[in-house]
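Enquirer: Structure provided below as structure tokens; questions to follow.
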Amino acid sequence: MIEAEIRTHIFHGLELIAPEADFDELPAGENLREELDIDSYDFLSFLIWLNEDLGVEIPEIDYEKLITLEDLVAYLSQRLN
Amino acid sequence: MADFIMPSLGADMTEGILVAWRVEAGDRVKHGDIIAEVETEKGLFEIEVFDAGVVDRLLVQPGPDKVPVGTVLATIADKMAVATVPVSEPGERLRVSPAARKLAAERHIDLNRLEGTGPQGSLCLADIEHAIGETVKEQAVPAPAEPKKPDDFKAGMRQAIAAAMSLSNREIPHYYLATDIDMSRALNWLAEQNRERSIKQRLLPVVLSLKAVARALEKVPELNGHWVDGQLQLKREIHIGFAVALRKGGLITPALHDVNRKSLDQLMADLGDLITRTRTGKLRGSEMTDAGITVTSLGDLGVQTVYGVIYPPQVALVGLGRIRERPWAEQGLLGVRPVLTATLAGDHRAGDGHQGGQFLDALGRALQEPESL
């Protein structure tokens, strides 16, 4: 799966949690959870959604690697390809 | 006969809008059935009935007007009373005068829904005319209120919170206590549990904290109750109000029920359900009123210490900050541990700091034995 596709999937999942957010305006390299005001329950829901959507099971120990949008895209693209 | 009234869904509510009925006159209802939808400053709520019986009359029609708390919205006939009312069984012939039957047929009036006022309970022309009048009135009822605009909702929500918190600060002599809790055992245990679970089954640390609060309340039950008419009414069940922030602004603190009696898995599932329903406006009225204490967890924002404002008529509020690594001295050794600062805001009318101290102590101890939560 190419990165652009992965981004689309991520945005779909984030949209369910933060419907008011404008993802085009999302600054690069920023903490995604802080930027979109995502609490730990929402973050877990988002990961469950990604799991159902892409079939990727993200272990809890990897949560700390997923800070920015770029982290998430890189992590998923490595796991998917 | 019992009255079904506009409920008060919190210290901040004085009136509400009846948005819809979920029942009709003649429907059988039991304890806990949802029979109406009510809108308040905090959103839309499903309202349960607490009397079993048959809906006798719906006295207020849905509409945009605000109805004061305590107004009788409907009457519920109890089962005994119903049994004595002559009800036409299926197959039993209705007594209807010929003129009444003709008019009813013309105007599509269901005879089975009417009560006759003629001889031996028979339906006469006047009954049908009355029913037609009612139908016309029903049709003339204005449409329910338009969904609120975001700005209206925000303003209403702020007003509601302001009213409750002003009441709290005006009437409750607060005392505050704080303690630091070493979370290493709890978090290690949780990480081990979560490693073996699929992502859908994983637990969040706050679930451990909520269960530990329930354990501590079993030891110090004086903090679980309502202050009503100058005295403390203790709650037998441990229902914990959990502060949920809304993305459109404001917060709601619905009750998580029977926290002491549920497994961590059950609590995680129930918490998820509660948060989802809070954010989608599907809470039940009772969930707004039956919590005996509130927990507010602001750790996701990096807050270290929460100085809470008690939600009346409750007498205590537990604040949970962020779990973060801090220097920790124990038995003469300095180390680094994940630490949670837990605070308690207590009502001095209902108890003293000594009690609050016992509670925080019990909370800290419960979190040292995560396997028994």
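To be explicit about the labels: the chains of the structure tokens are called A, B, and onward in the order shown, and within each one the residues are counted from 1, while ligands get numbers from 1 in the order they are shown.
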Using only C-alpha atoms, I'd like a table of the residues in chain B that come within 10 Å of chain A; for each, show the closest atom pair and its distance in Å rounded to one decimal, ordered by chain and ascending number, as JSON lines.
Expert:
{"residue": "B:Ala191", "atom": "CA", "partner": "A:Glu60", "partner_atom": "CA", "distance": 7.6}
{"residue": "B:Asn194", "atom": "CA", "partner": "A:Glu60", "partner_atom": "CA", "distance": 7.1}
{"residue": "B:Arg195", "atom": "CA", "partner": "A:Glu60", "partner_atom": "CA", "distance": 7.0}
{"residue": "B:Glu196", "atom": "CA", "partner": "A:Pro59", "partner_atom": "CA", "distance": 9.5}
{"residue": "B:Arg197", "atom": "CA", "partner": "A:Pro59", "partner_atom": "CA", "distance": 9.1}
{"residue": "B:Ser198", "atom": "CA", "partner": "A:Glu57", "partner_atom": "CA", "distance": 7.5}
{"residue": "B:Ile199", "atom": "CA", "partner": "A:Ile48", "partner_atom": "CA", "distance": 6.3}
{"residue": "B:Lys200", "atom": "CA", "partner": "A:Ile48", "partner_atom": "CA", "distance": 6.1}
{"residue": "B:Gln201", "atom": "CA", "partner": "A:Ile48", "partner_atom": "CA", "distance": 9.7}
{"residue": "B:Arg202", "atom": "CA", "partner": "A:Leu44", "partner_atom": "CA", "distance": 8.6}
{"residue": "B:Leu203", "atom": "CA", "partner": "A:Leu44", "partner_atom": "CA", "distance": 9.4}
{"residue": "B:Leu204", "atom": "CA", "partner": "A:Tyr41", "partner_atom": "CA", "distance": 7.5}
{"residue": "B:Pro205", "atom": "CA", "partner": "A:Ser40", "partner_atom": "CA", "distance": 9.4}
{"residue": "B:Val206", "atom": "CA", "partner": "A:Ser40", "partner_atom": "CA", "distance": 9.3}
{"residue": "B:Ala245", "atom": "CA", "partner": "A:Asp39", "partner_atom": "CA", "distance": 9.6}
{"residue": "B:Arg247", "atom": "CA", "partner": "A:Ala18", "partner_atom": "CA", "distance": 7.8}
{"residue": "B:Lys248", "atom": "CA", "partner": "A:Glu20", "partner_atom": "CA", "distance": 9.0}
{"residue": "B:Met268", "atom": "CA", "partner": "A:Tyr41", "partner_atom": "CA", "distance": 9.9}
{"residue": "B:Leu271", "atom": "CA", "partner": "A:Tyr41", "partner_atom": "CA", "distance": 9.3}
{"residue": "B:Gly272", "atom": "CA", "partner": "A:Tyr41", "partner_atom": "CA", "distance": 7.6}
{"residue": "B:Ile275", "atom": "CA", "partner": "A:Tyr41", "partner_atom": "CA", "distance": 8.6}
{"residue": "B:Thr276", "atom": "CA", "partner": "A:Asp42", "partner_atom": "CA", "distance": 9.7}
{"residue": "B:Leu298", "atom": "CA", "partner": "A:Asp39", "partner_atom": "CA", "distance": 9.3}
{"residue": "B:Gly299", "atom": "CA", "partner": "A:Asp39", "partner_atom": "CA", "distance": 9.0}
{"residue": "B:Asp300", "atom": "CA", "partner": "A:Asp39", "partner_atom": "CA", "distance": 5.7}
{"residue": "B:Leu301", "atom": "CA", "partner": "A:Asp39", "partner_atom": "CA", "distance": 7.9}
Enquirer: If you keep N, CA and C atoms, can you produce a file of those selected residues as a PDB file, in the first residue's frame?
Expert:
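Saved as part_26.pdb:
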ATOM      1  N   ALA B 191       0.402  -3.733  31.734  1.00  0.00           N
ATOM      2  CA  ALA B 191       1.152  -3.985  30.496  1.00  0.00           C
ATOM      3  C   ALA B 191       1.187  -5.486  30.212  1.00  0.00           C
ATOM      4  N   ASN B 194      -2.254  -6.489  28.990  1.00  0.00           N
ATOM      5  CA  ASN B 194      -2.549  -5.986  27.647  1.00  0.00           C
ATOM      6  C   ASN B 194      -1.719  -6.681  26.567  1.00  0.00           C
ATOM      7  N   ARG B 195      -0.512  -7.169  26.950  1.00  0.00           N
ATOM      8  CA  ARG B 195       0.342  -7.849  25.977  1.00  0.00           C
ATOM      9  C   ARG B 195      -0.380  -9.094  25.443  1.00  0.00           C
ATOM     10  N   GLU B 196      -1.131  -9.734  26.304  1.00  0.00           N
ATOM     11  CA  GLU B 196      -1.800 -10.971  25.899  1.00  0.00           C
ATOM     12  C   GLU B 196      -3.166 -10.721  25.240  1.00  0.00           C
ATOM     13  N   ARG B 197      -3.572  -9.458  25.218  1.00  0.00           N
ATOM     14  CA  ARG B 197      -4.909  -9.173  24.702  1.00  0.00           C
ATOM     15  C   ARG B 197      -4.844  -8.595  23.306  1.00  0.00           C
ATOM     16  N   SER B 198      -5.903  -8.869  22.523  1.00  0.00           N
ATOM     17  CA  SER B 198      -5.996  -8.202  21.231  1.00  0.00           C
ATOM     18  C   SER B 198      -6.358  -6.751  21.524  1.00  0.00           C
ATOM     19  N   ILE B 199      -6.173  -5.913  20.533  1.00  0.00           N
ATOM     20  CA  ILE B 199      -6.345  -4.473  20.759  1.00  0.00           C
ATOM     21  C   ILE B 199      -7.748  -4.135  21.266  1.00  0.00           C
ATOM     22  N   LYS B 200      -8.735  -4.907  20.847  1.00  0.00           N
ATOM     23  CA  LYS B 200     -10.107  -4.611  21.271  1.00  0.00           C
ATOM     24  C   LYS B 200     -10.355  -4.927  22.741  1.00  0.00           C
ATOM     25  N   GLN B 201      -9.520  -5.774  23.294  1.00  0.00           N
ATOM     26  CA  GLN B 201      -9.738  -6.171  24.691  1.00  0.00           C
ATOM     27  C   GLN B 201      -8.849  -5.413  25.686  1.00  0.00           C
ATOM     28  N   ARG B 202      -8.041  -4.476  25.190  1.00  0.00           N
ATOM     29  CA  ARG B 202      -7.083  -3.833  26.099  1.00  0.00           C
ATOM     30  C   ARG B 202      -7.756  -2.893  27.096  1.00  0.00           C
ATOM     31  N   LEU B 203      -7.113  -2.814  28.260  1.00  0.00           N
ATOM     32  CA  LEU B 203      -7.632  -1.960  29.330  1.00  0.00           C
ATOM     33  C   LEU B 203      -6.844  -0.658  29.390  1.00  0.00           C
ATOM     34  N   LEU B 204      -7.506   0.411  29.774  1.00  0.00           N
ATOM     35  CA  LEU B 204      -6.832   1.688  30.004  1.00  0.00           C
ATOM     36  C   LEU B 204      -6.553   1.838  31.500  1.00  0.00           C
ATOM     37  N   PRO B 205      -5.461   2.544  31.856  1.00  0.00           N
ATOM     38  CA  PRO B 205      -5.131   2.711  33.287  1.00  0.00           C
ATOM     39  C   PRO B 205      -6.288   3.292  34.107  1.00  0.00           C
ATOM     40  N   VAL B 206      -7.095   4.146  33.501  1.00  0.00           N
ATOM     41  CA  VAL B 206      -8.167   4.807  34.267  1.00  0.00           C
ATOM     42  C   VAL B 206      -9.180   3.780  34.804  1.00  0.00           C
ATOM     43  N   ALA B 245     -15.384  15.037  28.671  1.00  0.00           N
ATOM     44  CA  ALA B 245     -15.356  16.307  27.950  1.00  0.00           C
ATOM     45  C   ALA B 245     -16.011  16.119  26.590  1.00  0.00           C
ATOM     46  N   ARG B 247     -16.496  17.348  22.644  1.00  0.00           N
ATOM     47  CA  ARG B 247     -15.664  18.060  21.660  1.00  0.00           C
ATOM     48  C   ARG B 247     -16.243  19.437  21.329  1.00  0.00           C
ATOM     49  N   LYS B 248     -17.567  19.559  21.396  1.00  0.00           N
ATOM     50  CA  LYS B 248     -18.169  20.862  21.062  1.00  0.00           C
ATOM     51  C   LYS B 248     -18.145  21.806  22.264  1.00  0.00           C
ATOM     52  N   MET B 268     -14.295  -1.676  31.541  1.00  0.00           N
ATOM     53  CA  MET B 268     -13.741  -1.081  30.310  1.00  0.00           C
ATOM     54  C   MET B 268     -14.836  -0.994  29.240  1.00  0.00           C
ATOM     55  N   LEU B 271     -17.393   1.625  30.346  1.00  0.00           N
ATOM     56  CA  LEU B 271     -16.862   2.986  30.239  1.00  0.00           C
ATOM     57  C   LEU B 271     -16.889   3.437  28.775  1.00  0.00           C
ATOM     58  N   GLY B 272     -16.480   2.542  27.876  1.00  0.00           N
ATOM     59  CA  GLY B 272     -16.499   2.853  26.445  1.00  0.00           C
ATOM     60  C   GLY B 272     -17.902   3.194  25.979  1.00  0.00           C
ATOM     61  N   ILE B 275     -18.932   6.635  27.446  1.00  0.00           N
ATOM     62  CA  ILE B 275     -18.285   7.772  26.768  1.00  0.00           C
ATOM     63  C   ILE B 275     -18.935   7.983  25.396  1.00  0.00           C
ATOM     64  N   THR B 276     -19.157   6.875  24.671  1.00  0.00           N
ATOM     65  CA  THR B 276     -19.761   6.981  23.347  1.00  0.00           C
ATOM     66  C   THR B 276     -21.166   7.576  23.441  1.00  0.00           C
ATOM     67  N   LEU B 298      -7.833  14.168  34.372  1.00  0.00           N
ATOM     68  CA  LEU B 298      -7.326  15.140  33.391  1.00  0.00           C
ATOM     69  C   LEU B 298      -5.909  14.802  32.956  1.00  0.00           C
ATOM     70  N   GLY B 299      -5.513  13.561  33.225  1.00  0.00           N
ATOM     71  CA  GLY B 299      -4.138  13.145  32.951  1.00  0.00           C
ATOM     72  C   GLY B 299      -3.743  13.222  31.488  1.00  0.00           C
ATOM     73  N   ASP B 300      -4.700  13.048  30.593  1.00  0.00           N
ATOM     74  CA  ASP B 300      -4.364  13.079  29.170  1.00  0.00           C
ATOM     75  C   ASP B 300      -3.804  14.435  28.748  1.00  0.00           C
ATOM     76  N   LEU B 301      -4.138  15.459  29.488  1.00  0.00           N
ATOM     77  CA  LEU B 301      -3.684  16.805  29.127  1.00  0.00           C
ATOM     78  C   LEU B 301      -2.368  17.160  29.805  1.00  0.00           C
TER      79      LEU B 301
END
Enquirer: Please identify which residues in chain A DSSP calls alpha helix (DSSP H) from the backbone, and express them as a PyMOL selection string.
Expert: chain A and resi 3-17+32-35+40-54+69-80
Enquirer: Would you mind listing what lies within 10 Å of stretch 1-10 of chain B as a ChimeraX atom specification, with only C-alpha atoms counted and same-chain residues fewer than 6 positions away left out?
Expert: /B:16-18,35-36,38,40,42,45,47-59,67-82,160,164,253,284-290,311-313
Enquirer: Can those selected residues be exported to a file as a compact mmCIF listing (two decimals), in the first residue's frame so that it contains N, CA and C atoms?
Expert:
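This went into result-v9.txt:
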# COMPACT_ATOMS: atom_id res chain seq x y z
N GLY B 16 -36.97 21.68 31.38
CA GLY B 16 -36.51 20.90 30.24
C GLY B 16 -37.56 20.92 29.14
N ILE B 17 -37.16 20.48 27.95
CA ILE B 17 -38.09 20.44 26.82
C ILE B 17 -38.46 18.99 26.56
N LEU B 18 -39.75 18.73 26.54
CA LEU B 18 -40.21 17.38 26.18
C LEU B 18 -40.11 17.26 24.67
N ILE B 35 -39.41 6.06 28.35
CA ILE B 35 -40.72 6.45 27.81
C ILE B 35 -40.75 7.85 27.20
N ALA B 36 -39.67 8.63 27.43
CA ALA B 36 -39.68 9.98 26.86
C ALA B 36 -38.27 10.45 26.56
N VAL B 38 -36.03 14.02 26.71
CA VAL B 38 -36.05 15.37 27.24
C VAL B 38 -34.74 16.07 26.87
N THR B 40 -32.15 19.20 27.65
CA THR B 40 -31.75 20.22 28.62
C THR B 40 -30.57 20.98 28.02
N LYS B 42 -27.70 20.52 28.62
CA LYS B 42 -26.58 19.60 28.40
C LYS B 42 -26.84 18.59 27.30
N PHE B 45 -31.70 13.59 26.50
CA PHE B 45 -31.62 12.44 27.39
C PHE B 45 -32.85 11.56 27.25
N ILE B 47 -35.48 9.27 29.08
CA ILE B 47 -36.01 9.28 30.44
C ILE B 47 -36.76 7.99 30.73
N GLU B 48 -36.39 7.36 31.86
CA GLU B 48 -37.02 6.11 32.24
C GLU B 48 -38.20 6.37 33.17
N VAL B 49 -39.09 5.38 33.23
CA VAL B 49 -40.21 5.44 34.16
C VAL B 49 -39.86 4.50 35.32
N PHE B 50 -40.25 4.85 36.53
CA PHE B 50 -39.91 4.01 37.68
C PHE B 50 -41.13 3.33 38.29
N ASP B 51 -42.29 3.53 37.69
CA ASP B 51 -43.49 2.85 38.16
C ASP B 51 -43.96 1.88 37.08
N ALA B 52 -44.27 0.68 37.48
CA ALA B 52 -44.79 -0.28 36.51
C ALA B 52 -46.30 -0.07 36.40
N GLY B 53 -46.85 -0.31 35.24
CA GLY B 53 -48.29 -0.18 35.06
C GLY B 53 -48.62 0.10 33.61
N VAL B 54 -49.66 0.88 33.43
CA VAL B 54 -50.12 1.20 32.09
C VAL B 54 -50.19 2.72 31.96
N VAL B 55 -49.67 3.23 30.84
CA VAL B 55 -49.71 4.68 30.63
C VAL B 55 -51.17 5.09 30.53
N ASP B 56 -51.57 5.95 31.45
CA ASP B 56 -52.97 6.36 31.51
C ASP B 56 -53.22 7.53 30.56
N ARG B 57 -52.58 8.65 30.86
CA ARG B 57 -52.76 9.80 29.99
C ARG B 57 -51.44 10.53 29.79
N LEU B 58 -51.19 11.00 28.59
CA LEU B 58 -50.04 11.86 28.32
C LEU B 58 -50.56 13.30 28.43
N LEU B 59 -50.11 14.01 29.46
CA LEU B 59 -50.69 15.32 29.76
C LEU B 59 -50.00 16.46 29.03
N VAL B 67 -40.55 23.14 30.08
CA VAL B 67 -41.46 22.67 31.12
C VAL B 67 -40.71 22.62 32.44
N PRO B 68 -41.22 23.26 33.50
CA PRO B 68 -40.50 23.27 34.78
C PRO B 68 -40.33 21.86 35.35
N VAL B 69 -39.21 21.64 36.03
CA VAL B 69 -38.96 20.38 36.73
C VAL B 69 -40.11 20.14 37.71
N GLY B 70 -40.63 18.92 37.77
CA GLY B 70 -41.69 18.60 38.70
C GLY B 70 -43.08 18.61 38.08
N THR B 71 -43.19 19.19 36.86
CA THR B 71 -44.49 19.20 36.17
C THR B 71 -44.91 17.77 35.84
N VAL B 72 -46.17 17.45 36.09
CA VAL B 72 -46.66 16.11 35.75
C VAL B 72 -46.80 16.02 34.22
N LEU B 73 -46.06 15.05 33.64
CA LEU B 73 -46.08 14.91 32.19
C LEU B 73 -47.08 13.84 31.75
N ALA B 74 -47.24 12.84 32.62
CA ALA B 74 -48.14 11.73 32.29
C ALA B 74 -48.57 11.06 33.58
N THR B 75 -49.65 10.31 33.50
CA THR B 75 -50.05 9.51 34.66
C THR B 75 -49.93 8.03 34.28
N ILE B 76 -49.47 7.26 35.26
CA ILE B 76 -49.28 5.82 35.06
C ILE B 76 -50.24 5.11 36.01
N ALA B 77 -51.14 4.33 35.45
CA ALA B 77 -52.07 3.57 36.29
C ALA B 77 -51.35 2.31 36.75
N ASP B 78 -51.44 1.98 38.03
CA ASP B 78 -50.74 0.78 38.47
C ASP B 78 -51.55 -0.45 38.09
N LYS B 79 -50.91 -1.62 38.23
CA LYS B 79 -51.51 -2.85 37.72
C LYS B 79 -52.83 -3.19 38.41
N MET B 80 -52.86 -2.94 39.73
CA MET B 80 -54.07 -3.24 40.48
C MET B 80 -55.24 -2.46 39.93
N ALA B 81 -54.97 -1.14 39.77
CA ALA B 81 -56.03 -0.27 39.29
C ALA B 81 -56.48 -0.70 37.90
N VAL B 82 -55.50 -1.10 37.09
CA VAL B 82 -55.82 -1.49 35.73
C VAL B 82 -56.72 -2.72 35.73
N ALA B 160 -25.32 26.11 32.30
CA ALA B 160 -25.67 25.00 33.18
C ALA B 160 -24.51 24.68 34.12
N ALA B 164 -24.39 25.12 38.36
CA ALA B 164 -24.06 24.05 39.31
C ALA B 164 -22.82 24.36 40.11
N THR B 253 -21.04 14.52 33.38
CA THR B 253 -20.49 13.52 34.30
C THR B 253 -21.50 12.40 34.56
N ARG B 284 -29.18 8.09 29.56
CA ARG B 284 -30.47 7.96 30.23
C ARG B 284 -30.52 8.95 31.39
N GLY B 285 -31.71 9.40 31.72
CA GLY B 285 -31.88 10.39 32.78
C GLY B 285 -31.27 9.95 34.09
N SER B 286 -31.46 8.69 34.45
CA SER B 286 -30.96 8.22 35.74
C SER B 286 -29.44 8.30 35.81
N GLU B 287 -28.78 8.16 34.67
CA GLU B 287 -27.32 8.22 34.67
C GLU B 287 -26.81 9.62 35.03
N MET B 288 -27.70 10.61 34.90
CA MET B 288 -27.31 11.99 35.23
C MET B 288 -27.46 12.27 36.73
N THR B 289 -28.16 11.41 37.44
CA THR B 289 -28.49 11.78 38.82
C THR B 289 -28.07 10.78 39.88
N ASP B 290 -27.75 9.54 39.52
CA ASP B 290 -27.56 8.58 40.60
C ASP B 290 -26.12 8.33 41.03
N TYR B 311 -19.69 18.29 42.70
CA TYR B 311 -20.93 18.43 41.94
C TYR B 311 -22.11 18.15 42.87
N PRO B 312 -22.87 19.19 43.26
CA PRO B 312 -23.97 18.99 44.21
C PRO B 312 -25.04 18.07 43.60
N PRO B 313 -25.72 17.24 44.37
CA PRO B 313 -25.66 17.17 45.84
C PRO B 313 -24.61 16.19 46.37
Enquirer: Report, in Å with one decimal, the straight-line distance from atom CA of A:Asp24 to atom CA of B:Thr278.
Expert: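 If I compute the distance from atom CA of A:Asp24 to atom CA of B:Thr278, I get 28.6 Å.
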Enquirer: With a distance cut-off of 10 Å and only C-alpha atoms, select the neighbouring residues of stretch 333-344 of chain B, excluding the residue or stretch itself and same-chain residues fewer than 3 positions from it, and output the selection as a PDB file with C-alpha atoms, in the first residue's frame.
Expert:
ATOM      1  CA  HIS B 174     -14.671  22.410  50.426  1.00  0.00           C
ATOM      2  CA  TYR B 175     -11.523  20.872  51.873  1.00  0.00           C
ATOM      3  CA  TYR B 176      -8.738  19.560  49.643  1.00  0.00           C
ATOM      4  CA  LEU B 177      -6.262  16.708  50.060  1.00  0.00           C
ATOM      5  CA  ALA B 178      -3.650  15.247  47.726  1.00  0.00           C
ATOM      6  CA  THR B 179      -1.451  12.194  47.662  1.00  0.00           C
ATOM      7  CA  ASP B 180       1.163  10.725  45.323  1.00  0.00           C
ATOM      8  CA  ILE B 181       0.652   7.097  44.361  1.00  0.00           C
ATOM      9  CA  ASP B 182       3.386   4.849  43.012  1.00  0.00           C
ATOM     10  CA  MET B 183       1.815   3.294  39.900  1.00  0.00           C
ATOM     11  CA  SER B 184       4.660   0.943  38.929  1.00  0.00           C
ATOM     12  CA  ARG B 185       2.954  -2.230  40.147  1.00  0.00           C
ATOM     13  CA  ALA B 186      -0.373  -1.268  38.594  1.00  0.00           C
ATOM     14  CA  LEU B 187       1.150  -0.304  35.235  1.00  0.00           C
ATOM     15  CA  SER B 209      -8.134   3.800  39.047  1.00  0.00           C
ATOM     16  CA  VAL B 295     -14.036  11.179  39.298  1.00  0.00           C
ATOM     17  CA  THR B 296     -12.379  13.638  36.952  1.00  0.00           C
ATOM     18  CA  SER B 297      -9.334  12.410  35.112  1.00  0.00           C
ATOM     19  CA  GLY B 299      -4.138  13.145  32.951  1.00  0.00           C
ATOM     20  CA  VAL B 303      -2.214  18.006  34.330  1.00  0.00           C
ATOM     21  CA  GLN B 304      -0.411  16.982  37.496  1.00  0.00           C
ATOM     22  CA  THR B 305      -2.890  17.976  40.193  1.00  0.00           C
ATOM     23  CA  VAL B 306      -6.663  18.431  39.903  1.00  0.00           C
ATOM     24  CA  TYR B 307      -8.357  20.826  42.357  1.00  0.00           C
ATOM     25  CA  GLY B 308     -11.931  19.717  41.979  1.00  0.00           C
ATOM     26  CA  VAL B 309     -15.264  21.447  42.521  1.00  0.00           C
ATOM     27  CA  ILE B 310     -17.842  19.093  44.045  1.00  0.00           C
ATOM     28  CA  ALA B 316     -16.781  14.475  47.237  1.00  0.00           C
ATOM     29  CA  LEU B 317     -14.852  14.638  43.990  1.00  0.00           C
ATOM     30  CA  VAL B 318     -11.733  12.639  43.146  1.00  0.00           C
ATOM     31  CA  GLY B 319      -9.203  14.214  40.776  1.00  0.00           C
ATOM     32  CA  LEU B 320      -6.674  12.149  38.842  1.00  0.00           C
ATOM     33  CA  GLY B 321      -3.656  13.749  37.186  1.00  0.00           C
ATOM     34  CA  ARG B 322      -1.172  12.437  34.658  1.00  0.00           C
ATOM     35  CA  ILE B 323       0.862   9.361  35.480  1.00  0.00           C
ATOM     36  CA  ARG B 324       4.454  10.413  34.857  1.00  0.00           C
ATOM     37  CA  GLU B 325       7.914   9.385  35.921  1.00  0.00           C
ATOM     38  CA  ARG B 326       9.118  11.187  38.995  1.00  0.00           C
ATOM     39  CA  PRO B 327      11.876  10.676  41.581  1.00  0.00           C
ATOM     40  CA  TRP B 328      10.589   8.385  44.316  1.00  0.00           C
ATOM     41  CA  ALA B 329      12.285   7.700  47.652  1.00  0.00           C
ATOM     42  CA  GLU B 330      11.505   4.432  49.413  1.00  0.00           C
ATOM     43  CA  ASP B 347     -17.619  18.575  51.731  1.00  0.00           C
ATOM     44  CA  GLY B 353     -10.128  15.647  56.345  1.00  0.00           C
ATOM     45  CA  GLY B 356     -10.683  12.035  53.259  1.00  0.00           C
ATOM     46  CA  GLY B 357      -7.193  10.958  54.269  1.00  0.00           C
ATOM     47  CA  PHE B 359     -10.004   7.374  51.524  1.00  0.00           C
ATOM     48  CA  LEU B 360      -6.844   8.469  49.675  1.00  0.00           C
ATOM     49  CA  LEU B 363      -7.054   4.287  47.113  1.00  0.00           C
ATOM     50  CA  GLY B 364      -3.248   4.160  47.093  1.00  0.00           C
TER      51      GLY B 364
END
